[in-house]
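Heads up: the structure comes next, in structure tokens.
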Amino acid sequence: MRQRLWLLVLVAGALLLAPGRARACLCAAVASPGEEMARSAVVLAGRVLRIDAPQGAMVSTGDPVHVVFQVERVWKGPAVHNLVIVTARHSVSCGFPFEVGEEYLVYARAVEGELHTSICSRTAPLAAAAEDLVALGPGMAMAPAEAEPPAGRWRAVLPLLLVAAAVATAAVLIVTAARQARQGGH
């Protein structure tokens, strides 16, 4: 009888101490829009322009994915037209499943010089964020982006082209003045 009791205690202990289903992403209780804004570095509404995911074989579901947003409205953070938000590659690692072309309300925290968000924040598709939009108020709408200066190598070449144009103009003026002086002297 005593052996059966010990066996029962041993089995019960093993069942209690046995690990349950593994979960990689555990989120704390959902904060209110105001609380989430207070702990975020950036709160914005924007459209996903591009998603830059690591290339090659997936090493981890937590690999960082850089999501480029066209910012349409800002409640907190810099008033810029484009902003990069980082999330994990997969929701198993709390990554938010952004889609190119879709609009989102994003709450992001500053982590080691980058802005990060996850499924544990109040980040949501804009169409599903009515409660947050009411609580946050109107925010600051971004004006349409003005034409950007030439990109890439043209930025470096443009000053040289301007100097070359100024030198050419000066040369034409000097040659013209010299011709006029010769014609006027004869």
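Ligands are numbered from 1 in the order shown, residues from 1 within each chain, and chains are lettered A, B, ... in the order they appear in the structure tokens.
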Worksheet entry | Per-residue DSSP, stretch 49-135 of chain A, filtered to helix (DSSP H, G or I), as a VMD selection string | chain A and resid 91 to 93 126 to 128 130 to 135
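Here atom CA of A:Gly77 is placed at a distance of 16.3 Å from atom CA of A:Ser121.
Residues in contact with stretch 91-104 of chain A at up to 8 Å, not including ones fewer than 2 positions away on its chain and judged by only C-alpha atoms, are Arg23, Ala24, Cys25, Leu26, Ala45, Gly46, Arg47, Val48, Leu49, Arg50, Ile51, Thr61, Gly62, Val67, Thr87, Ala88, Arg89, Val106, Thr117, Ser118, Ile119, Cys120, Thr123, Ala124, Pro125, Leu126 and Ala127 of chain A.
Atom CA of A:Gly139 is positioned 20.3 Å from atom CA of A:Val68.
Taking only C-alpha atoms into account, A:Pro64 lies nearest to A:Val86 out of the set A:Ala135, A:Ala143, A:Val86, A:Ala166.
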Fill in: Contact residues around A:Pro33 with only C-alpha atoms at 12 Å, ignoring same-chain residues under 4 positions, as a PyMOL selection string
chain A and resi 37-40+43+75+105-107+121-124+129-137
Atoms kept (N, CA, C and O atoms) for selection, written as a CSV table (one decimal), in the first residue's frame:
```
chain,number,residue,atom,x,y,z
A,37,MET,N,0.3,54.5,-25.9
A,37,MET,CA,0.9,55.7,-26.4
A,37,MET,C,2.0,56.2,-25.5
A,37,MET,O,3.1,56.6,-25.9
A,38,ALA,N,1.7,56.2,-24.2
A,38,ALA,CA,2.7,56.7,-23.2
A,38,ALA,C,4.0,55.8,-23.2
A,38,ALA,O,5.1,56.4,-23.0
A,39,ARG,N,3.9,54.6,-23.5
A,39,ARG,CA,5.1,53.7,-23.5
A,39,ARG,C,5.7,53.6,-24.9
A,39,ARG,O,6.7,52.9,-25.0
A,40,SER,N,5.1,54.2,-25.9
A,40,SER,CA,5.7,54.1,-27.3
A,40,SER,C,6.5,55.3,-27.6
A,40,SER,O,6.2,56.4,-27.1
A,43,VAL,N,3.8,56.8,-32.5
A,43,VAL,CA,2.4,56.3,-32.8
A,43,VAL,C,2.0,57.0,-34.1
A,43,VAL,O,2.1,58.2,-34.3
A,75,TRP,N,0.7,60.8,-34.1
A,75,TRP,CA,0.3,61.2,-32.8
A,75,TRP,C,1.5,61.4,-31.9
A,75,TRP,O,1.4,62.2,-30.9
A,105,LEU,N,-2.4,51.3,-38.0
A,105,LEU,CA,-2.1,52.2,-36.8
A,105,LEU,C,-1.0,51.5,-36.1
A,105,LEU,O,-1.1,50.3,-35.7
A,106,VAL,N,0.2,52.1,-36.0
A,106,VAL,CA,1.3,51.5,-35.4
A,106,VAL,C,1.8,52.2,-34.1
A,106,VAL,O,1.9,53.4,-34.1
A,107,TYR,N,2.0,51.4,-33.1
A,107,TYR,CA,2.6,51.8,-31.9
A,107,TYR,C,4.0,51.1,-31.9
A,107,TYR,O,4.1,49.9,-31.9
A,121,SER,N,1.6,44.8,-29.0
A,121,SER,CA,1.2,46.2,-28.9
A,121,SER,C,-0.2,46.4,-29.4
A,121,SER,O,-0.8,45.4,-29.8
A,122,ARG,N,-0.7,47.6,-29.4
A,122,ARG,CA,-2.0,47.8,-30.0
A,122,ARG,C,-2.0,48.1,-31.5
A,122,ARG,O,-3.0,48.5,-32.1
A,123,THR,N,-0.9,47.8,-32.1
A,123,THR,CA,-0.7,47.9,-33.6
A,123,THR,C,-1.8,47.1,-34.2
A,123,THR,O,-2.1,46.0,-33.8
A,124,ALA,N,-2.5,47.7,-35.2
A,124,ALA,CA,-3.6,47.0,-35.9
A,124,ALA,C,-3.9,47.6,-37.3
A,124,ALA,O,-3.5,48.7,-37.5
A,129,ALA,N,-9.1,49.8,-36.0
A,129,ALA,CA,-8.5,50.6,-34.9
A,129,ALA,C,-9.4,51.8,-34.5
A,129,ALA,O,-9.0,52.8,-34.0
A,130,ALA,N,-10.7,51.6,-34.7
A,130,ALA,CA,-11.7,52.7,-34.4
A,130,ALA,C,-11.6,53.2,-32.9
A,130,ALA,O,-11.5,54.4,-32.7
A,131,GLU,N,-11.5,52.2,-32.0
A,131,GLU,CA,-11.4,52.6,-30.6
A,131,GLU,C,-10.2,53.5,-30.3
A,131,GLU,O,-10.2,54.5,-29.6
A,132,ASP,N,-9.1,53.1,-30.9
A,132,ASP,CA,-7.8,53.8,-30.7
A,132,ASP,C,-7.9,55.2,-31.3
A,132,ASP,O,-7.4,56.2,-30.7
A,133,LEU,N,-8.4,55.3,-32.5
A,133,LEU,CA,-8.5,56.5,-33.2
A,133,LEU,C,-9.3,57.6,-32.5
A,133,LEU,O,-9.0,58.7,-32.4
A,134,VAL,N,-10.4,57.1,-31.8
A,134,VAL,CA,-11.3,58.0,-31.0
A,134,VAL,C,-10.5,58.4,-29.8
A,134,VAL,O,-10.4,59.6,-29.5
A,135,ALA,N,-9.8,57.5,-29.1
A,135,ALA,CA,-9.0,57.8,-27.9
A,135,ALA,C,-7.8,58.7,-28.2
A,135,ALA,O,-7.5,59.6,-27.4
A,136,LEU,N,-7.2,58.5,-29.3
A,136,LEU,CA,-6.0,59.3,-29.7
A,136,LEU,C,-6.3,60.7,-30.1
A,136,LEU,O,-5.5,61.6,-30.0
A,137,GLY,N,-7.5,60.9,-30.7
A,137,GLY,CA,-7.8,62.2,-31.2
A,137,GLY,C,-7.3,62.4,-32.7
A,137,GLY,O,-6.9,61.4,-33.3
```
